[in-house]
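> Structure file coords_13.txt (compact mmCIF, N, CA and C atoms) right here:
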```
# COMPACT_ATOMS: atom_id res chain seq x y z
N MET A 127 15.19 15.89 2.47
CA MET A 127 14.21 15.14 3.27
C MET A 127 13.60 14.05 2.40
N LYS A 128 13.63 12.81 2.89
CA LYS A 128 13.05 11.68 2.17
C LYS A 128 11.65 11.39 2.71
N ILE A 129 10.69 11.34 1.79
CA ILE A 129 9.29 11.16 2.18
C ILE A 129 8.75 9.84 1.62
N LEU A 130 8.10 9.08 2.51
CA LEU A 130 7.49 7.80 2.16
C LEU A 130 5.98 7.95 2.12
N CYS A 131 5.38 7.40 1.07
CA CYS A 131 3.92 7.34 0.96
C CYS A 131 3.50 5.89 1.16
N ILE A 132 2.62 5.64 2.11
CA ILE A 132 2.09 4.30 2.35
C ILE A 132 0.61 4.29 1.97
N ILE A 133 0.26 3.37 1.09
CA ILE A 133 -1.13 3.20 0.69
C ILE A 133 -1.63 1.90 1.34
N PRO A 134 -2.45 2.01 2.37
CA PRO A 134 -2.98 0.80 3.01
C PRO A 134 -4.17 0.26 2.20
N ALA A 135 -4.14 -1.03 1.90
CA ALA A 135 -5.21 -1.62 1.10
C ALA A 135 -5.53 -3.01 1.65
N ARG A 136 -6.26 -3.03 2.73
CA ARG A 136 -6.61 -4.28 3.40
C ARG A 136 -7.63 -5.05 2.57
N LYS A 137 -7.57 -6.37 2.62
CA LYS A 137 -8.44 -7.20 1.80
C LYS A 137 -9.92 -7.12 2.19
N ASN A 138 -10.24 -7.41 3.41
CA ASN A 138 -11.65 -7.51 3.80
C ASN A 138 -12.11 -6.28 4.58
N SER A 139 -12.71 -5.37 3.87
CA SER A 139 -13.32 -4.22 4.52
C SER A 139 -14.56 -4.70 5.26
N SER A 140 -14.82 -4.12 6.40
CA SER A 140 -15.95 -4.60 7.21
C SER A 140 -17.31 -4.16 6.66
N ARG A 141 -17.38 -2.98 6.07
CA ARG A 141 -18.68 -2.51 5.59
C ARG A 141 -18.93 -2.84 4.12
N LEU A 142 -17.87 -2.81 3.31
CA LEU A 142 -18.02 -3.07 1.88
C LEU A 142 -16.97 -4.11 1.48
N LYS A 143 -17.41 -5.32 1.27
CA LYS A 143 -16.53 -6.45 1.00
C LYS A 143 -15.60 -6.17 -0.19
N ASN A 144 -14.31 -6.41 0.01
CA ASN A 144 -13.28 -6.22 -1.03
C ASN A 144 -13.34 -4.85 -1.69
N LYS A 145 -13.57 -3.84 -0.88
CA LYS A 145 -13.72 -2.46 -1.34
C LYS A 145 -12.57 -2.01 -2.24
N ASN A 146 -11.34 -2.33 -1.87
CA ASN A 146 -10.19 -1.82 -2.61
C ASN A 146 -10.05 -2.38 -4.02
N THR A 147 -10.64 -3.54 -4.28
CA THR A 147 -10.54 -4.12 -5.62
C THR A 147 -11.82 -3.96 -6.44
N LEU A 148 -12.82 -3.29 -5.86
CA LEU A 148 -14.05 -3.04 -6.61
C LEU A 148 -13.79 -2.05 -7.74
N ASN A 149 -14.45 -2.26 -8.86
CA ASN A 149 -14.31 -1.40 -10.02
C ASN A 149 -14.96 -0.05 -9.73
N PHE A 150 -14.19 1.01 -9.94
CA PHE A 150 -14.69 2.37 -9.80
C PHE A 150 -14.24 3.13 -11.04
N CYS A 151 -15.18 3.45 -11.91
CA CYS A 151 -14.89 4.18 -13.16
C CYS A 151 -13.80 3.48 -13.97
N GLY A 152 -13.88 2.15 -14.06
CA GLY A 152 -12.98 1.41 -14.92
C GLY A 152 -11.71 0.86 -14.28
N LYS A 153 -11.47 1.19 -13.01
CA LYS A 153 -10.27 0.72 -12.33
C LYS A 153 -10.63 0.32 -10.90
N PRO A 154 -9.85 -0.59 -10.31
CA PRO A 154 -10.06 -0.88 -8.89
C PRO A 154 -9.79 0.38 -8.06
N LEU A 155 -10.49 0.52 -6.98
CA LEU A 155 -10.39 1.72 -6.14
C LEU A 155 -8.95 2.03 -5.74
N PHE A 156 -8.18 1.03 -5.30
CA PHE A 156 -6.81 1.28 -4.85
C PHE A 156 -5.92 1.80 -5.98
N GLU A 157 -6.24 1.43 -7.22
CA GLU A 157 -5.43 1.85 -8.36
C GLU A 157 -5.52 3.37 -8.58
N TRP A 158 -6.65 3.95 -8.27
CA TRP A 158 -6.79 5.41 -8.36
C TRP A 158 -5.83 6.10 -7.39
N THR A 159 -5.68 5.53 -6.21
CA THR A 159 -4.77 6.09 -5.21
C THR A 159 -3.32 6.01 -5.70
N ILE A 160 -2.97 4.89 -6.32
CA ILE A 160 -1.63 4.75 -6.88
C ILE A 160 -1.38 5.81 -7.94
N LYS A 161 -2.34 5.99 -8.84
CA LYS A 161 -2.19 6.97 -9.92
C LYS A 161 -1.96 8.39 -9.36
N ILE A 162 -2.70 8.74 -8.32
CA ILE A 162 -2.53 10.07 -7.72
C ILE A 162 -1.17 10.17 -7.03
N SER A 163 -0.76 9.10 -6.34
CA SER A 163 0.54 9.15 -5.65
C SER A 163 1.69 9.32 -6.63
N LYS A 164 1.55 8.78 -7.84
CA LYS A 164 2.60 8.92 -8.86
C LYS A 164 2.70 10.36 -9.36
N LYS A 165 1.58 11.07 -9.33
CA LYS A 165 1.57 12.45 -9.81
C LYS A 165 2.17 13.42 -8.79
N ILE A 166 2.16 13.02 -7.53
CA ILE A 166 2.71 13.87 -6.47
C ILE A 166 4.23 13.67 -6.46
N LYS A 167 4.95 14.69 -6.80
CA LYS A 167 6.40 14.57 -6.98
C LYS A 167 7.18 14.66 -5.66
N LEU A 168 6.51 14.76 -4.54
CA LEU A 168 7.18 14.88 -3.24
C LEU A 168 7.67 13.54 -2.69
N PHE A 169 7.06 12.44 -3.13
CA PHE A 169 7.35 11.14 -2.54
C PHE A 169 8.61 10.52 -3.14
N ASP A 170 9.49 10.04 -2.24
CA ASP A 170 10.68 9.33 -2.68
C ASP A 170 10.38 7.86 -2.93
N LYS A 171 9.36 7.36 -2.25
CA LYS A 171 8.96 5.96 -2.42
C LYS A 171 7.48 5.84 -2.09
N VAL A 172 6.79 5.00 -2.86
CA VAL A 172 5.38 4.71 -2.61
C VAL A 172 5.27 3.21 -2.33
N VAL A 173 4.63 2.88 -1.21
CA VAL A 173 4.45 1.49 -0.79
C VAL A 173 2.96 1.20 -0.70
N VAL A 174 2.54 0.10 -1.34
CA VAL A 174 1.18 -0.40 -1.15
C VAL A 174 1.28 -1.53 -0.14
N SER A 175 0.67 -1.34 1.01
CA SER A 175 0.71 -2.32 2.09
C SER A 175 -0.61 -3.08 2.09
N THR A 176 -0.54 -4.40 1.79
CA THR A 176 -1.77 -5.16 1.64
C THR A 176 -1.61 -6.62 2.05
N ASN A 177 -2.73 -7.23 2.36
CA ASN A 177 -2.78 -8.67 2.59
C ASN A 177 -3.58 -9.36 1.48
N ASP A 178 -3.86 -8.63 0.42
CA ASP A 178 -4.68 -9.12 -0.68
C ASP A 178 -3.81 -9.56 -1.86
N GLN A 179 -3.85 -10.83 -2.17
CA GLN A 179 -3.05 -11.38 -3.27
C GLN A 179 -3.40 -10.73 -4.61
N LYS A 180 -4.66 -10.40 -4.80
CA LYS A 180 -5.12 -9.75 -6.03
C LYS A 180 -4.40 -8.40 -6.23
N ILE A 181 -4.26 -7.67 -5.15
CA ILE A 181 -3.59 -6.36 -5.21
C ILE A 181 -2.09 -6.56 -5.43
N LEU A 182 -1.51 -7.54 -4.76
CA LEU A 182 -0.07 -7.80 -4.91
C LEU A 182 0.30 -8.10 -6.37
N GLU A 183 -0.61 -8.66 -7.12
CA GLU A 183 -0.34 -8.98 -8.53
C GLU A 183 -0.16 -7.72 -9.38
N TYR A 184 -0.57 -6.57 -8.89
CA TYR A 184 -0.42 -5.32 -9.64
C TYR A 184 1.02 -4.82 -9.65
N GLN A 185 1.90 -5.45 -8.89
CA GLN A 185 3.29 -5.00 -8.91
C GLN A 185 3.93 -5.22 -10.28
N LYS A 186 3.35 -6.10 -11.08
CA LYS A 186 3.83 -6.29 -12.46
C LYS A 186 3.49 -5.07 -13.31
N LYS A 187 2.37 -4.46 -13.02
CA LYS A 187 1.92 -3.30 -13.78
C LYS A 187 2.61 -2.01 -13.31
N TYR A 188 2.84 -1.90 -12.01
CA TYR A 188 3.44 -0.70 -11.44
C TYR A 188 4.82 -1.04 -10.89
N LYS A 189 5.80 -1.02 -11.75
CA LYS A 189 7.16 -1.44 -11.40
C LYS A 189 7.83 -0.48 -10.41
N LYS A 190 7.47 0.80 -10.43
CA LYS A 190 8.11 1.79 -9.55
C LYS A 190 7.44 1.87 -8.18
N ILE A 191 6.34 1.17 -8.01
CA ILE A 191 5.64 1.14 -6.73
C ILE A 191 6.05 -0.14 -6.00
N PHE A 192 6.32 -0.02 -4.72
CA PHE A 192 6.73 -1.18 -3.92
C PHE A 192 5.49 -1.78 -3.26
N PHE A 193 5.24 -3.04 -3.50
CA PHE A 193 4.10 -3.74 -2.91
C PHE A 193 4.62 -4.62 -1.77
N LEU A 194 4.09 -4.42 -0.59
CA LEU A 194 4.54 -5.14 0.59
C LEU A 194 3.39 -5.97 1.16
N LYS A 195 3.62 -7.27 1.25
CA LYS A 195 2.60 -8.16 1.82
C LYS A 195 2.56 -7.93 3.32
N ARG A 196 1.41 -7.52 3.78
CA ARG A 196 1.20 -7.25 5.20
C ARG A 196 0.74 -8.54 5.88
N PRO A 197 1.29 -8.85 7.06
CA PRO A 197 0.85 -10.06 7.77
C PRO A 197 -0.62 -9.95 8.20
N ASN A 198 -1.28 -11.09 8.27
CA ASN A 198 -2.69 -11.10 8.67
C ASN A 198 -2.90 -10.51 10.06
N SER A 199 -1.90 -10.62 10.91
CA SER A 199 -2.02 -10.05 12.26
C SER A 199 -2.15 -8.53 12.23
N LEU A 200 -1.71 -7.91 11.14
CA LEU A 200 -1.82 -6.45 10.99
C LEU A 200 -2.89 -6.07 9.96
N SER A 201 -3.79 -7.01 9.68
CA SER A 201 -4.82 -6.77 8.67
C SER A 201 -6.23 -6.92 9.23
N LYS A 202 -6.34 -6.71 10.50
CA LYS A 202 -7.65 -6.82 11.15
C LYS A 202 -8.34 -5.46 11.22
N LYS A 203 -9.62 -5.51 11.38
CA LYS A 203 -10.41 -4.28 11.50
C LYS A 203 -9.92 -3.41 12.66
N SER A 204 -9.47 -4.06 13.73
CA SER A 204 -9.06 -3.35 14.94
C SER A 204 -7.60 -2.90 14.93
N THR A 205 -6.85 -3.25 13.90
CA THR A 205 -5.42 -2.88 13.85
C THR A 205 -5.27 -1.38 13.64
N PRO A 206 -4.56 -0.71 14.55
CA PRO A 206 -4.35 0.73 14.35
C PRO A 206 -3.39 0.98 13.19
N MET A 207 -3.64 2.04 12.45
CA MET A 207 -2.79 2.37 11.31
C MET A 207 -1.35 2.62 11.75
N SER A 208 -1.15 3.07 12.96
CA SER A 208 0.21 3.31 13.45
C SER A 208 1.03 2.01 13.45
N LYS A 209 0.40 0.88 13.71
CA LYS A 209 1.09 -0.42 13.69
C LYS A 209 1.46 -0.81 12.26
N VAL A 210 0.59 -0.50 11.32
CA VAL A 210 0.87 -0.78 9.91
C VAL A 210 2.04 0.07 9.43
N ILE A 211 2.04 1.33 9.79
CA ILE A 211 3.13 2.24 9.42
C ILE A 211 4.44 1.76 10.03
N GLU A 212 4.39 1.40 11.30
CA GLU A 212 5.58 0.91 11.99
C GLU A 212 6.15 -0.34 11.30
N TYR A 213 5.28 -1.26 10.92
CA TYR A 213 5.70 -2.48 10.23
C TYR A 213 6.41 -2.14 8.91
N ASN A 214 5.81 -1.23 8.14
CA ASN A 214 6.39 -0.83 6.87
C ASN A 214 7.76 -0.17 7.05
N LEU A 215 7.86 0.71 8.02
CA LEU A 215 9.13 1.40 8.29
C LEU A 215 10.21 0.41 8.74
N ASP A 216 9.85 -0.52 9.61
CA ASP A 216 10.81 -1.53 10.07
C ASP A 216 11.29 -2.40 8.91
N PHE A 217 10.37 -2.80 8.05
CA PHE A 217 10.72 -3.62 6.89
C PHE A 217 11.72 -2.88 6.00
N LEU A 218 11.42 -1.61 5.72
CA LEU A 218 12.28 -0.82 4.84
C LEU A 218 13.63 -0.52 5.49
N LYS A 219 13.61 -0.32 6.80
CA LYS A 219 14.85 -0.05 7.53
C LYS A 219 15.81 -1.23 7.43
N LYS A 220 15.27 -2.44 7.46
CA LYS A 220 16.10 -3.65 7.31
C LYS A 220 16.74 -3.71 5.93
N ARG A 221 16.12 -3.04 4.98
CA ARG A 221 16.66 -2.97 3.61
C ARG A 221 17.54 -1.73 3.44
N LYS A 222 17.86 -1.09 4.56
CA LYS A 222 18.71 0.12 4.56
C LYS A 222 18.05 1.31 3.87
N GLU A 223 16.72 1.35 3.96
CA GLU A 223 15.97 2.47 3.41
C GLU A 223 15.34 3.22 4.58
N ASN A 224 15.75 4.48 4.73
CA ASN A 224 15.24 5.30 5.84
C ASN A 224 14.54 6.53 5.28
N PHE A 225 13.54 6.97 6.04
CA PHE A 225 12.73 8.12 5.61
C PHE A 225 12.58 9.11 6.75
N ASP A 226 12.41 10.36 6.38
CA ASP A 226 12.25 11.42 7.36
C ASP A 226 10.79 11.69 7.68
N ALA A 227 9.91 11.33 6.74
CA ALA A 227 8.49 11.61 6.92
C ALA A 227 7.67 10.55 6.21
N VAL A 228 6.45 10.34 6.73
CA VAL A 228 5.52 9.38 6.15
C VAL A 228 4.23 10.10 5.84
```
Could the structure of this file be written out as structure tokens, please?

Amino acid sequence: MKILCIIPARKNSSRLKNKNTLNFCGKPLFEWTIKISKKIKLFDKVVVSTNDQKILEYQKKYKKIFFLKRPNSLSKKSTPMSKVIEYNLDFLKKRKENFDAV
């Protein structure tokens, strides 16, 4: 069974501006999620789905993590997470990457 981990990291949080890139104990908040996902040995692939250019630049640091630029149409406060997941799966499917679970 192939398992995909998707880390959603939208740029403009409605309650706390740029929440995902704020420093938390020495690292941006989203980076803590990446570190934990790397420790979980169940995932075949980890994808950070974001519309934030600052976050996309971390792909140089995390070579084994796939960073996917999310379109602005899927980066709104009202966008359901199911649409984000669907977009990620469709993108990966076009690259001949299929998963059994997310």
> Which residues of stretch 164-192 of chain A have any atom within 7 Å of an atom in stretch 136-148 of chain A when counting all atoms listed in the file, and what is the closest pair of atoms for each, with the distance in Å to one decimal? Order the rows by chain and rising number and write it as CSV.

```
residue,atom,partner,partner_atom,distance
A:Ser175,C,A:Arg136,N,5.7
A:Thr176,CA,A:Arg136,N,5.1
A:Asn177,N,A:Lys137,N,4.9
A:Asp178,N,A:Lys137,N,4.9
```
> List the neighbours of A:Lys190 out to 8 Å using only N, CA and C atoms; skip same-chain residues closer than 4 positions along the sequence, and give me the result as a PyMOL selection string.
chain A and resi 171-173+185-186
> Rounded to one decimal, what separation in Å do you get between atom CA of A:Phe156 and atom CA of A:Ile132?
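Distance between the two atoms: 11.8 Å.
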> Which residue gives the smallest distance to A:Ile162 among A:Glu183, A:Phe193, A:Asp216, A:Ile133, with only C-alpha atoms counted?
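Among A:Glu183, A:Phe193, A:Asp216, A:Ile133, it is A:Ile133 that comes nearest to A:Ile162.
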> Just give me the gap between atom C of A:Leu182 and atom N of A:Lys195 in Å, one decimal is fine.
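Atom N of A:Lys195 lies at a distance of 8.4 Å from atom C of A:Leu182.
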> Report as JSON, numbers by chain: the residues of chain A with a DSSP assignment of helix (DSSP H, G or I), based on the backbone of this structure.
{"A": [145, 146, 147, 155, 156, 157, 158, 159, 160, 161, 162, 163, 164, 165, 179, 180, 181, 182, 183, 184, 185, 186, 198, 199, 200, 207, 208, 209, 210, 211, 212, 213, 214, 215, 216, 217, 218, 219, 220]}
> Quick one: pull the distance between atom CA of A:Lys128 and atom CA of A:Phe225, Å, one decimal.
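It comes out at 5.0 Å.
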> With 6 Å on each side, where is the centre of the axis-aligned box around all listed atoms of stretch 145-152 of chain A, and how long are its edges in Å to one decimal, as AutoDock Vina command-line options?

```
--center_x -12.6 --center_y 0.0 --center_z -7.9 --size_x 17.1 --size_y 20.3 --size_z 26.0
```
> Considering only N, CA and C atoms, state which residue in the set A:Asn149, A:Ser208, A:Ser163, A:Ser199 is at the smallest distance from A:Cys131.
A:Ser163
